[in-house]
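Quick look at target.txt (compact mmCIF, N, CA, C and O atoms):
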# COMPACT_ATOMS: atom_id res chain seq x y z
N MET A 1 96.17 21.50 76.70
CA MET A 1 96.60 22.27 77.84
C MET A 1 95.43 23.06 78.37
O MET A 1 94.76 23.77 77.63
N ARG A 2 95.18 22.95 79.65
CA ARG A 2 94.07 23.67 80.27
C ARG A 2 94.59 24.94 80.92
O ARG A 2 95.56 24.92 81.65
N LEU A 3 93.95 26.07 80.62
CA LEU A 3 94.30 27.33 81.24
C LEU A 3 93.52 27.52 82.52
O LEU A 3 92.35 27.15 82.58
N LYS A 4 94.14 28.08 83.51
CA LYS A 4 93.42 28.40 84.73
C LYS A 4 92.47 29.55 84.44
O LYS A 4 92.74 30.39 83.60
N LEU A 5 91.39 29.60 85.16
CA LEU A 5 90.37 30.62 84.93
C LEU A 5 90.92 32.02 85.11
O LEU A 5 90.57 32.92 84.37
N HIS A 6 91.81 32.25 86.07
CA HIS A 6 92.31 33.59 86.31
C HIS A 6 93.29 34.08 85.26
O HIS A 6 93.62 35.25 85.22
N THR A 7 93.78 33.22 84.38
CA THR A 7 94.68 33.69 83.32
C THR A 7 93.91 34.22 82.13
O THR A 7 94.47 34.91 81.30
N PHE A 8 92.60 33.94 82.06
CA PHE A 8 91.83 34.39 80.92
C PHE A 8 91.81 35.91 80.76
O PHE A 8 92.04 36.41 79.66
N PRO A 9 91.58 36.69 81.84
CA PRO A 9 91.59 38.15 81.66
C PRO A 9 92.94 38.67 81.17
O PRO A 9 92.98 39.59 80.34
N ALA A 10 94.02 38.10 81.65
CA ALA A 10 95.33 38.53 81.19
C ALA A 10 95.51 38.24 79.70
O ALA A 10 96.03 39.07 78.95
N LEU A 11 95.05 37.09 79.28
CA LEU A 11 95.13 36.76 77.85
C LEU A 11 94.22 37.65 77.03
O LEU A 11 94.56 38.03 75.91
N ALA A 12 93.05 37.98 77.58
CA ALA A 12 92.13 38.87 76.86
C ALA A 12 92.74 40.25 76.68
O ALA A 12 92.66 40.83 75.60
N ILE A 13 93.39 40.77 77.72
CA ILE A 13 94.04 42.07 77.61
C ILE A 13 95.17 42.01 76.59
O ILE A 13 95.31 42.91 75.76
N LEU A 14 95.95 40.95 76.63
CA LEU A 14 97.03 40.80 75.66
C LEU A 14 96.49 40.75 74.24
O LEU A 14 97.03 41.40 73.33
N ALA A 15 95.41 40.03 74.02
CA ALA A 15 94.80 39.95 72.68
C ALA A 15 94.31 41.32 72.22
O ALA A 15 94.50 41.70 71.06
N ILE A 16 93.70 42.07 73.14
CA ILE A 16 93.23 43.42 72.79
C ILE A 16 94.40 44.31 72.44
O ILE A 16 94.36 45.06 71.45
N LEU A 17 95.46 44.24 73.23
CA LEU A 17 96.61 45.09 72.97
C LEU A 17 97.28 44.75 71.65
O LEU A 17 97.73 45.64 70.93
N LEU A 18 97.35 43.48 71.33
CA LEU A 18 97.97 43.08 70.08
C LEU A 18 97.12 43.42 68.87
O LEU A 18 97.64 43.63 67.79
N SER A 19 95.81 43.48 69.06
CA SER A 19 94.94 43.75 67.92
C SER A 19 94.67 45.23 67.71
O SER A 19 94.26 45.64 66.64
N SER A 20 94.92 46.06 68.73
CA SER A 20 94.66 47.48 68.59
C SER A 20 95.93 48.20 68.15
O SER A 20 97.01 47.89 68.62
N PRO A 21 95.78 49.16 67.25
CA PRO A 21 96.96 49.87 66.78
C PRO A 21 97.48 50.82 67.85
O PRO A 21 96.74 51.58 68.44
N VAL A 22 98.76 50.75 68.10
CA VAL A 22 99.42 51.66 69.02
C VAL A 22 100.59 52.27 68.26
O VAL A 22 101.38 51.55 67.66
N ALA A 23 100.66 53.59 68.26
CA ALA A 23 101.74 54.25 67.56
C ALA A 23 103.06 53.88 68.21
O ALA A 23 103.23 54.01 69.41
N ALA A 24 103.97 53.38 67.41
CA ALA A 24 105.27 52.97 67.93
C ALA A 24 106.24 54.13 67.88
O ALA A 24 106.26 54.90 66.92
N ASN A 25 107.01 54.29 68.94
CA ASN A 25 108.11 55.24 68.92
C ASN A 25 109.25 54.66 69.73
O ASN A 25 109.13 53.58 70.29
N ALA A 26 110.34 55.38 69.78
CA ALA A 26 111.54 54.83 70.41
C ALA A 26 111.50 54.91 71.93
O ALA A 26 112.37 54.37 72.58
N ASP A 27 110.53 55.57 72.51
CA ASP A 27 110.48 55.76 73.95
C ASP A 27 109.61 54.70 74.59
O ASP A 27 108.39 54.76 74.55
N ALA A 28 110.23 53.72 75.23
CA ALA A 28 109.50 52.60 75.83
C ALA A 28 108.56 53.05 76.93
O ALA A 28 107.48 52.49 77.09
N VAL A 29 108.94 54.05 77.68
CA VAL A 29 108.09 54.54 78.77
C VAL A 29 106.79 55.10 78.20
O VAL A 29 105.70 54.78 78.69
N SER A 30 106.88 55.89 77.15
CA SER A 30 105.67 56.44 76.51
C SER A 30 104.83 55.33 75.88
O SER A 30 103.60 55.37 75.95
N ASP A 31 105.50 54.37 75.26
CA ASP A 31 104.78 53.26 74.66
C ASP A 31 103.99 52.49 75.71
O ASP A 31 102.82 52.17 75.51
N TRP A 32 104.63 52.17 76.84
CA TRP A 32 103.94 51.40 77.87
C TRP A 32 102.88 52.23 78.58
O TRP A 32 101.89 51.69 79.05
N ASN A 33 103.06 53.55 78.62
CA ASN A 33 101.99 54.40 79.15
C ASN A 33 100.77 54.30 78.24
O ASN A 33 99.64 54.17 78.72
N ALA A 34 100.98 54.36 76.93
CA ALA A 34 99.87 54.24 75.98
C ALA A 34 99.20 52.87 76.10
O ALA A 34 97.97 52.76 76.04
N ILE A 35 99.98 51.83 76.28
CA ILE A 35 99.43 50.48 76.44
C ILE A 35 98.60 50.40 77.72
O ILE A 35 97.50 49.83 77.73
N ALA A 36 99.11 50.98 78.81
CA ALA A 36 98.38 50.95 80.08
C ALA A 36 97.06 51.72 79.96
O ALA A 36 96.02 51.27 80.46
N VAL A 37 97.10 52.86 79.30
CA VAL A 37 95.86 53.64 79.10
C VAL A 37 94.88 52.84 78.26
O VAL A 37 93.69 52.75 78.59
N GLN A 38 95.34 52.26 77.19
CA GLN A 38 94.47 51.46 76.32
C GLN A 38 93.88 50.27 77.07
O GLN A 38 92.69 49.98 76.96
N ALA A 39 94.69 49.59 77.87
CA ALA A 39 94.19 48.45 78.64
C ALA A 39 93.16 48.89 79.67
O ALA A 39 92.19 48.18 79.92
N THR A 40 93.36 50.06 80.24
CA THR A 40 92.41 50.56 81.23
C THR A 40 91.11 51.00 80.59
O THR A 40 90.03 50.71 81.10
N VAL A 41 91.20 51.66 79.46
CA VAL A 41 90.00 52.13 78.76
C VAL A 41 89.17 50.95 78.27
O VAL A 41 87.95 50.95 78.38
N THR A 42 89.82 49.93 77.74
CA THR A 42 89.09 48.78 77.21
C THR A 42 88.78 47.75 78.29
O THR A 42 88.00 46.85 78.06
N GLY A 43 89.40 47.87 79.45
CA GLY A 43 89.18 46.92 80.53
C GLY A 43 87.95 47.26 81.34
O GLY A 43 87.16 48.14 80.98
N ALA A 44 87.80 46.57 82.42
CA ALA A 44 86.61 46.72 83.26
C ALA A 44 86.78 47.80 84.32
O ALA A 44 85.90 47.99 85.13
N ARG A 45 87.90 48.53 84.32
CA ARG A 45 88.13 49.51 85.37
C ARG A 45 88.42 50.90 84.82
O ARG A 45 89.40 51.53 85.19
N PRO A 46 87.59 51.44 83.94
CA PRO A 46 87.84 52.81 83.50
C PRO A 46 87.50 53.78 84.63
O PRO A 46 86.87 53.40 85.62
N GLY A 47 87.91 55.01 84.50
CA GLY A 47 87.59 56.00 85.52
C GLY A 47 88.66 56.10 86.58
O GLY A 47 89.84 55.88 86.32
N ALA A 48 88.22 56.42 87.81
CA ALA A 48 89.17 56.68 88.89
C ALA A 48 90.03 55.47 89.23
O ALA A 48 91.23 55.59 89.45
N THR A 49 89.45 54.28 89.30
CA THR A 49 90.25 53.10 89.62
C THR A 49 91.21 52.76 88.49
O THR A 49 92.31 52.29 88.74
N GLY A 50 90.81 53.03 87.27
CA GLY A 50 91.71 52.83 86.14
C GLY A 50 92.89 53.79 86.18
O GLY A 50 94.02 53.43 85.82
N ALA A 51 92.65 55.01 86.65
CA ALA A 51 93.73 55.98 86.79
C ALA A 51 94.76 55.49 87.81
O ALA A 51 95.96 55.70 87.64
N LEU A 52 94.29 54.84 88.86
CA LEU A 52 95.22 54.27 89.84
C LEU A 52 96.05 53.14 89.23
O LEU A 52 97.24 53.01 89.53
N ASP A 53 95.42 52.34 88.38
CA ASP A 53 96.16 51.28 87.68
C ASP A 53 97.28 51.87 86.83
O ASP A 53 98.40 51.37 86.82
N ILE A 54 96.96 52.94 86.11
CA ILE A 54 97.96 53.60 85.26
C ILE A 54 99.08 54.18 86.12
O ILE A 54 100.26 54.07 85.77
N ALA A 55 98.72 54.76 87.26
CA ALA A 55 99.74 55.32 88.16
C ALA A 55 100.65 54.23 88.69
O ALA A 55 101.88 54.43 88.79
N MET A 56 100.10 53.07 89.02
CA MET A 56 100.93 51.96 89.50
C MET A 56 101.90 51.50 88.41
O MET A 56 103.07 51.21 88.70
N VAL A 57 101.42 51.46 87.17
CA VAL A 57 102.29 51.08 86.06
C VAL A 57 103.45 52.06 85.94
O VAL A 57 104.61 51.67 85.83
N GLN A 58 103.13 53.36 85.97
CA GLN A 58 104.18 54.36 85.80
C GLN A 58 105.18 54.36 86.95
O GLN A 58 106.38 54.55 86.74
N ALA A 59 104.71 54.15 88.18
CA ALA A 59 105.63 54.08 89.32
C ALA A 59 106.57 52.88 89.19
O ALA A 59 107.77 52.98 89.46
N ALA A 60 106.03 51.75 88.76
CA ALA A 60 106.85 50.55 88.59
C ALA A 60 107.87 50.74 87.47
O ALA A 60 109.04 50.34 87.61
N VAL A 61 107.45 51.36 86.38
CA VAL A 61 108.36 51.62 85.26
C VAL A 61 109.48 52.57 85.72
O VAL A 61 110.66 52.34 85.43
N TYR A 62 109.11 53.62 86.42
CA TYR A 62 110.10 54.58 86.91
C TYR A 62 111.14 53.88 87.78
O TYR A 62 112.35 54.04 87.58
N ASP A 63 110.68 53.11 88.77
CA ASP A 63 111.62 52.44 89.67
C ASP A 63 112.49 51.42 88.93
O ASP A 63 113.68 51.28 89.22
N ALA A 64 111.91 50.72 87.96
CA ALA A 64 112.69 49.72 87.21
C ALA A 64 113.79 50.38 86.38
O ALA A 64 114.93 49.92 86.36
N VAL A 65 113.44 51.48 85.72
CA VAL A 65 114.44 52.18 84.90
C VAL A 65 115.49 52.84 85.79
O VAL A 65 116.69 52.79 85.50
N GLN A 66 115.07 53.44 86.89
CA GLN A 66 116.02 54.11 87.79
C GLN A 66 116.96 53.12 88.47
O GLN A 66 118.08 53.48 88.82
N ALA A 67 116.51 51.89 88.65
CA ALA A 67 117.38 50.87 89.24
C ALA A 67 118.58 50.59 88.34
O ALA A 67 119.65 50.23 88.82
N ILE A 68 118.39 50.80 87.05
CA ILE A 68 119.49 50.57 86.10
C ILE A 68 120.27 51.86 85.86
O ILE A 68 121.49 51.88 85.92
N ASP A 69 119.54 52.96 85.58
CA ASP A 69 120.20 54.23 85.27
C ASP A 69 120.85 54.89 86.49
O ASP A 69 121.87 55.56 86.36
N LYS A 70 120.24 54.75 87.63
CA LYS A 70 120.73 55.32 88.89
C LYS A 70 120.97 56.82 88.82
O LYS A 70 121.88 57.36 89.46
N ARG A 71 120.13 57.53 88.06
CA ARG A 71 120.27 58.99 87.96
C ARG A 71 119.44 59.71 89.03
O ARG A 71 119.77 60.82 89.41
N PHE A 72 118.35 59.10 89.47
CA PHE A 72 117.45 59.74 90.43
C PHE A 72 117.13 58.77 91.56
O PHE A 72 117.42 57.58 91.47
N GLN A 73 116.48 59.26 92.59
CA GLN A 73 116.04 58.43 93.70
C GLN A 73 114.84 57.58 93.26
O GLN A 73 114.00 58.06 92.51
N PRO A 74 114.74 56.34 93.74
CA PRO A 74 113.56 55.53 93.42
C PRO A 74 112.31 56.12 94.07
O PRO A 74 112.40 56.79 95.11
N TYR A 75 111.18 55.86 93.48
CA TYR A 75 109.92 56.32 94.02
C TYR A 75 109.45 55.44 95.18
O TYR A 75 109.10 55.92 96.24
N TYR A 76 109.44 54.14 94.96
CA TYR A 76 108.89 53.22 95.96
C TYR A 76 109.90 52.18 96.43
O TYR A 76 109.99 51.89 97.60
N VAL A 77 110.62 51.58 95.50
CA VAL A 77 111.50 50.46 95.86
C VAL A 77 112.84 50.61 95.14
O VAL A 77 112.89 51.00 93.98
N ASP A 78 113.89 50.30 95.88
CA ASP A 78 115.22 50.25 95.29
C ASP A 78 115.51 48.80 94.93
O ASP A 78 115.27 47.90 95.74
N ILE A 79 115.98 48.58 93.73
CA ILE A 79 116.25 47.21 93.25
C ILE A 79 117.77 47.07 93.17
O ILE A 79 118.39 47.45 92.18
N PRO A 80 118.40 46.53 94.21
CA PRO A 80 119.86 46.44 94.22
C PRO A 80 120.37 45.46 93.16
O PRO A 80 119.77 44.43 92.91
N GLY A 81 121.47 45.85 92.54
CA GLY A 81 122.11 44.96 91.57
C GLY A 81 121.42 44.88 90.23
O GLY A 81 121.75 44.01 89.42
N ALA A 82 120.47 45.77 89.97
CA ALA A 82 119.77 45.74 88.67
C ALA A 82 120.74 46.13 87.56
O ALA A 82 121.55 47.04 87.70
N SER A 83 120.63 45.43 86.46
CA SER A 83 121.45 45.74 85.29
C SER A 83 120.70 45.31 84.05
O SER A 83 119.70 44.60 84.13
N GLY A 84 121.18 45.76 82.92
CA GLY A 84 120.57 45.37 81.66
C GLY A 84 119.97 46.55 80.93
O GLY A 84 120.35 47.70 81.15
N SER A 85 119.00 46.27 80.14
CA SER A 85 118.38 47.27 79.28
C SER A 85 117.26 48.02 80.00
O SER A 85 116.32 47.38 80.49
N PRO A 86 117.32 49.35 80.05
CA PRO A 86 116.22 50.12 80.63
C PRO A 86 114.91 49.90 79.87
O PRO A 86 113.83 49.88 80.48
N THR A 87 114.99 49.69 78.57
CA THR A 87 113.80 49.43 77.77
C THR A 87 113.15 48.12 78.20
O THR A 87 111.93 48.04 78.38
N ALA A 88 113.96 47.09 78.38
CA ALA A 88 113.44 45.80 78.84
C ALA A 88 112.90 45.90 80.26
O ALA A 88 111.87 45.30 80.58
N ALA A 89 113.56 46.67 81.10
CA ALA A 89 113.09 46.84 82.48
C ALA A 89 111.73 47.54 82.50
O ALA A 89 110.83 47.16 83.26
N ALA A 90 111.57 48.57 81.67
CA ALA A 90 110.29 49.28 81.58
C ALA A 90 109.19 48.35 81.11
O ALA A 90 108.09 48.33 81.67
N ALA A 91 109.48 47.56 80.08
CA ALA A 91 108.49 46.64 79.54
C ALA A 91 108.09 45.59 80.57
O ALA A 91 106.90 45.30 80.75
N ARG A 92 109.05 45.03 81.25
CA ARG A 92 108.77 44.00 82.24
C ARG A 92 107.94 44.54 83.41
O ARG A 92 106.99 43.91 83.85
N ALA A 93 108.32 45.71 83.89
CA ALA A 93 107.60 46.31 85.02
C ALA A 93 106.16 46.62 84.64
O ALA A 93 105.22 46.29 85.37
N ALA A 94 105.96 47.26 83.49
CA ALA A 94 104.61 47.61 83.06
C ALA A 94 103.77 46.36 82.83
O ALA A 94 102.62 46.27 83.28
N HIS A 95 104.33 45.39 82.15
CA HIS A 95 103.62 44.15 81.86
C HIS A 95 103.20 43.46 83.16
O HIS A 95 102.06 43.03 83.31
N ASP A 96 104.13 43.34 84.09
CA ASP A 96 103.84 42.62 85.33
C ASP A 96 102.74 43.31 86.14
O ASP A 96 101.87 42.65 86.71
N VAL A 97 102.74 44.65 86.18
CA VAL A 97 101.69 45.36 86.91
C VAL A 97 100.34 45.16 86.22
O VAL A 97 99.34 44.89 86.88
N LEU A 98 100.31 45.28 84.89
CA LEU A 98 99.04 45.11 84.18
C LEU A 98 98.48 43.71 84.35
O LEU A 98 97.27 43.53 84.55
N VAL A 99 99.32 42.70 84.31
CA VAL A 99 98.87 41.33 84.50
C VAL A 99 98.38 41.14 85.94
O VAL A 99 97.33 40.53 86.17
N SER A 100 99.10 41.69 86.89
CA SER A 100 98.70 41.57 88.30
C SER A 100 97.34 42.23 88.54
O SER A 100 96.48 41.66 89.23
N VAL A 101 97.14 43.41 88.00
CA VAL A 101 95.86 44.11 88.15
C VAL A 101 94.74 43.29 87.51
O VAL A 101 93.66 43.14 88.07
N SER A 102 95.02 42.73 86.35
CA SER A 102 94.02 41.93 85.64
C SER A 102 93.66 40.68 86.45
O SER A 102 92.48 40.33 86.57
N GLN A 103 94.66 40.01 87.01
CA GLN A 103 94.40 38.81 87.80
C GLN A 103 93.66 39.13 89.09
O GLN A 103 92.76 38.40 89.49
N ARG A 104 94.02 40.24 89.72
CA ARG A 104 93.32 40.65 90.95
C ARG A 104 91.87 40.98 90.65
O ARG A 104 90.96 40.61 91.39
N ARG A 105 91.61 41.62 89.53
CA ARG A 105 90.25 41.94 89.12
C ARG A 105 89.46 40.67 88.86
O ARG A 105 88.30 40.55 89.23
N ALA A 106 90.09 39.68 88.25
CA ALA A 106 89.42 38.41 87.94
C ALA A 106 89.06 37.67 89.23
O ALA A 106 87.98 37.10 89.35
N ARG A 107 89.98 37.68 90.20
CA ARG A 107 89.70 37.00 91.48
C ARG A 107 88.58 37.68 92.24
O ARG A 107 87.77 37.02 92.87
N SER A 108 88.51 39.00 92.18
CA SER A 108 87.49 39.71 92.93
C SER A 108 86.12 39.60 92.28
O SER A 108 85.11 39.77 92.95
N SER A 109 86.06 39.27 91.00
CA SER A 109 84.78 39.17 90.32
C SER A 109 84.19 37.76 90.39
O SER A 109 83.07 37.54 89.98
N THR A 110 84.94 36.78 90.88
CA THR A 110 84.43 35.41 90.97
C THR A 110 83.85 35.11 92.31
O THR A 110 83.98 35.73 93.27

Translate the structure described by the file into structure tokens.
Amino acid sequence: MRLKLHTFPALAILAILLSSPVAANADAVSDWNAIAVQATVTGARPGATGALDIAMVQAAVYDAVQAIDKRFQPYYVDIPGASGSPTAAAARAAHDVLVSVSQRRARSST
């Protein structure tokens, strides 16, 4: 199986995250915040641009969880009909943003 060139950075970030110790706790939002910080620190975008990456992750996590809990107003996007686990929604949102940032970074560096 041949991997596309732009998937390599995403796989590299995943490998780093899996190999680095992250303190586990029951709060998925805090866990994914720690993962986003770790990915930014070890990635190619530390500093101000990395802080924006972390902010995008947190905004996506907030909107994903609020789409299910419906306790507060969404920050950026309302996701109608969302249901399921807030923990899974937080994980999916954070993961998707981190992969997207990684792929965009890979495209801009080629």

(request) Go through A:Ala48, A:Asp53, A:Gln103, A:Trp32 one by one, measure the shortest atom-to-atom distance of each to Ala90 of chain A using only N, CA, C and O atoms, and give the residue with the smallest value. (result)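 Smallest distance to Ala90 of chain A is found for A:Trp32.
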
(request) Find, counting all atoms listed in the file, the residue in A:Val57, A:Ser108, A:Lys70, A:Asp78 that gets nearest to His95 of chain A. (result)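 That would be A:Val57, the residue with the smallest distance to His95 of chain A.
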
(request) Just give me the residues with any atom within 6 Å of (111.6, 48.9, 85.9), file coordinates, counting only N, CA, C and O atoms, written as a ChimeraX atom specification. (result) /A:60-66,86,89-90,93

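Coordinates place atom CA of Val101 of chain A at a distance of 22.1 Å from atom O of Ser85 of chain A.
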
(message) Report as a VMD selection string all protein, DNA and RNA residues lying within 8 Å of Ala36 of chain A, evaluated on all atoms listed in the file, omitting residues in the same chain fewer than 3 positions from it.
(response) chain A and resid 29 to 33 39 to 43 50 to 51 53 to 54 57 to 58 94 98

(request) Record the distance separating atom CA of Thr87 of chain A and atom N of Phe72 of chain A, expressed in Å with one decimal. (result) 15.8 Å

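Coordinates place atom CA of Gly84 of chain A at a distance of 9.9 Å from atom CA of Ala67 of chain A.
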
DSSP on the backbone, helix (DSSP H, G or I) only: what residues of segment 34-94 of chain A does that give? Format it as a CSV table (one decimal) with N, CA, C and O atoms, in the frame of the given file.
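Written file, result.csv:
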chain,number,residue,atom,x,y,z
A,34,ALA,N,101.0,54.4,76.9
A,34,ALA,CA,99.9,54.2,76.0
A,34,ALA,C,99.2,52.9,76.1
A,34,ALA,O,98.0,52.8,76.0
A,35,ILE,N,100.0,51.8,76.3
A,35,ILE,CA,99.4,50.5,76.4
A,35,ILE,C,98.6,50.4,77.7
A,35,ILE,O,97.5,49.8,77.7
A,36,ALA,N,99.1,51.0,78.8
A,36,ALA,CA,98.4,51.0,80.1
A,36,ALA,C,97.1,51.7,80.0
A,36,ALA,O,96.0,51.3,80.5
A,37,VAL,N,97.1,52.9,79.3
A,37,VAL,CA,95.9,53.6,79.1
A,37,VAL,C,94.9,52.8,78.3
A,37,VAL,O,93.7,52.8,78.6
A,38,GLN,N,95.3,52.3,77.2
A,38,GLN,CA,94.5,51.5,76.3
A,38,GLN,C,93.9,50.3,77.1
A,38,GLN,O,92.7,50.0,77.0
A,39,ALA,N,94.7,49.6,77.9
A,39,ALA,CA,94.2,48.4,78.6
A,39,ALA,C,93.2,48.9,79.7
A,39,ALA,O,92.2,48.2,79.9
A,40,THR,N,93.4,50.1,80.2
A,40,THR,CA,92.4,50.6,81.2
A,40,THR,C,91.1,51.0,80.6
A,40,THR,O,90.0,50.7,81.1
A,41,VAL,N,91.2,51.7,79.5
A,41,VAL,CA,90.0,52.1,78.8
A,41,VAL,C,89.2,51.0,78.3
A,41,VAL,O,88.0,51.0,78.4
A,42,THR,N,89.8,49.9,77.7
A,42,THR,CA,89.1,48.8,77.2
A,42,THR,C,88.8,47.8,78.3
A,42,THR,O,88.0,46.8,78.1
A,48,ALA,N,88.2,56.4,87.8
A,48,ALA,CA,89.2,56.7,88.9
A,48,ALA,C,90.0,55.5,89.2
A,48,ALA,O,91.2,55.6,89.4
A,49,THR,N,89.4,54.3,89.3
A,49,THR,CA,90.2,53.1,89.6
A,49,THR,C,91.2,52.8,88.5
A,49,THR,O,92.3,52.3,88.7
A,50,GLY,N,90.8,53.0,87.3
A,50,GLY,CA,91.7,52.8,86.1
A,50,GLY,C,92.9,53.8,86.2
A,50,GLY,O,94.0,53.4,85.8
A,51,ALA,N,92.6,55.0,86.6
A,51,ALA,CA,93.7,56.0,86.8
A,51,ALA,C,94.8,55.5,87.8
A,51,ALA,O,96.0,55.7,87.6
A,52,LEU,N,94.3,54.8,88.9
A,52,LEU,CA,95.2,54.3,89.8
A,52,LEU,C,96.0,53.1,89.2
A,52,LEU,O,97.2,53.0,89.5
A,53,ASP,N,95.4,52.3,88.4
A,53,ASP,CA,96.2,51.3,87.7
A,53,ASP,C,97.3,51.9,86.8
A,53,ASP,O,98.4,51.4,86.8
A,54,ILE,N,97.0,52.9,86.1
A,54,ILE,CA,98.0,53.6,85.3
A,54,ILE,C,99.1,54.2,86.1
A,54,ILE,O,100.3,54.1,85.8
A,55,ALA,N,98.7,54.8,87.3
A,55,ALA,CA,99.7,55.3,88.2
A,55,ALA,C,100.6,54.2,88.7
A,55,ALA,O,101.9,54.4,88.8
A,56,MET,N,100.1,53.1,89.0
A,56,MET,CA,100.9,52.0,89.5
A,56,MET,C,101.9,51.5,88.4
A,56,MET,O,103.1,51.2,88.7
A,57,VAL,N,101.4,51.5,87.2
A,57,VAL,CA,102.3,51.1,86.1
A,57,VAL,C,103.4,52.1,85.9
A,57,VAL,O,104.6,51.7,85.8
A,58,GLN,N,103.1,53.4,86.0
A,58,GLN,CA,104.2,54.4,85.8
A,58,GLN,C,105.2,54.4,87.0
A,58,GLN,O,106.4,54.6,86.7
A,59,ALA,N,104.7,54.2,88.2
A,59,ALA,CA,105.6,54.1,89.3
A,59,ALA,C,106.6,52.9,89.2
A,59,ALA,O,107.8,53.0,89.5
A,60,ALA,N,106.0,51.8,88.8
A,60,ALA,CA,106.8,50.6,88.6
A,60,ALA,C,107.9,50.7,87.5
A,60,ALA,O,109.0,50.3,87.6
A,61,VAL,N,107.4,51.4,86.4
A,61,VAL,CA,108.4,51.6,85.3
A,61,VAL,C,109.5,52.6,85.7
A,61,VAL,O,110.7,52.3,85.4
A,62,TYR,N,109.1,53.6,86.4
A,62,TYR,CA,110.1,54.6,86.9
A,62,TYR,C,111.1,53.9,87.8
A,62,TYR,O,112.4,54.0,87.6
A,63,ASP,N,110.7,53.1,88.8
A,63,ASP,CA,111.6,52.4,89.7
A,63,ASP,C,112.5,51.4,88.9
A,63,ASP,O,113.7,51.3,89.2
A,64,ALA,N,111.9,50.7,88.0
A,64,ALA,CA,112.7,49.7,87.2
A,64,ALA,C,113.8,50.4,86.4
A,64,ALA,O,114.9,49.9,86.4
A,65,VAL,N,113.4,51.5,85.7
A,65,VAL,CA,114.4,52.2,84.9
A,65,VAL,C,115.5,52.8,85.8
A,65,VAL,O,116.7,52.8,85.5
A,66,GLN,N,115.1,53.4,86.9
A,66,GLN,CA,116.0,54.1,87.8
A,66,GLN,C,117.0,53.1,88.5
A,66,GLN,O,118.1,53.5,88.8
A,67,ALA,N,116.5,51.9,88.6
A,67,ALA,CA,117.4,50.9,89.2
A,67,ALA,C,118.6,50.6,88.3
A,67,ALA,O,119.6,50.2,88.8
A,68,ILE,N,118.4,50.8,87.0
A,68,ILE,CA,119.5,50.6,86.1
A,68,ILE,C,120.3,51.9,85.9
A,68,ILE,O,121.5,51.9,85.9
A,69,ASP,N,119.5,53.0,85.6
A,69,ASP,CA,120.2,54.2,85.3
A,69,ASP,C,120.8,54.9,86.5
A,69,ASP,O,121.9,55.6,86.4
A,86,PRO,N,117.3,49.4,80.0
A,86,PRO,CA,116.2,50.1,80.6
A,86,PRO,C,114.9,49.9,79.9
A,86,PRO,O,113.8,49.9,80.5
A,87,THR,N,115.0,49.7,78.6
A,87,THR,CA,113.8,49.4,77.8
A,87,THR,C,113.2,48.1,78.2
A,87,THR,O,111.9,48.0,78.4
A,88,ALA,N,114.0,47.1,78.4
A,88,ALA,CA,113.4,45.8,78.8
A,88,ALA,C,112.9,45.9,80.3
A,88,ALA,O,111.9,45.3,80.6
A,89,ALA,N,113.6,46.7,81.1
A,89,ALA,CA,113.1,46.8,82.5
A,89,ALA,C,111.7,47.5,82.5
A,89,ALA,O,110.8,47.2,83.3
A,90,ALA,N,111.6,48.6,81.7
A,90,ALA,CA,110.3,49.3,81.6
A,90,ALA,C,109.2,48.4,81.1
A,90,ALA,O,108.1,48.3,81.7
A,91,ALA,N,109.5,47.6,80.1
A,91,ALA,CA,108.5,46.6,79.5
A,91,ALA,C,108.1,45.6,80.6
A,91,ALA,O,106.9,45.3,80.8
A,92,ARG,N,109.0,45.0,81.2
A,92,ARG,CA,108.8,44.0,82.2
A,92,ARG,C,107.9,44.5,83.4
A,92,ARG,O,107.0,43.9,83.8
A,93,ALA,N,108.3,45.7,83.9
A,93,ALA,CA,107.6,46.3,85.0
A,93,ALA,C,106.2,46.6,84.6
A,93,ALA,O,105.2,46.3,85.4
A,94,ALA,N,106.0,47.3,83.5
A,94,ALA,CA,104.6,47.6,83.1
A,94,ALA,C,103.8,46.4,82.8
A,94,ALA,O,102.6,46.3,83.3
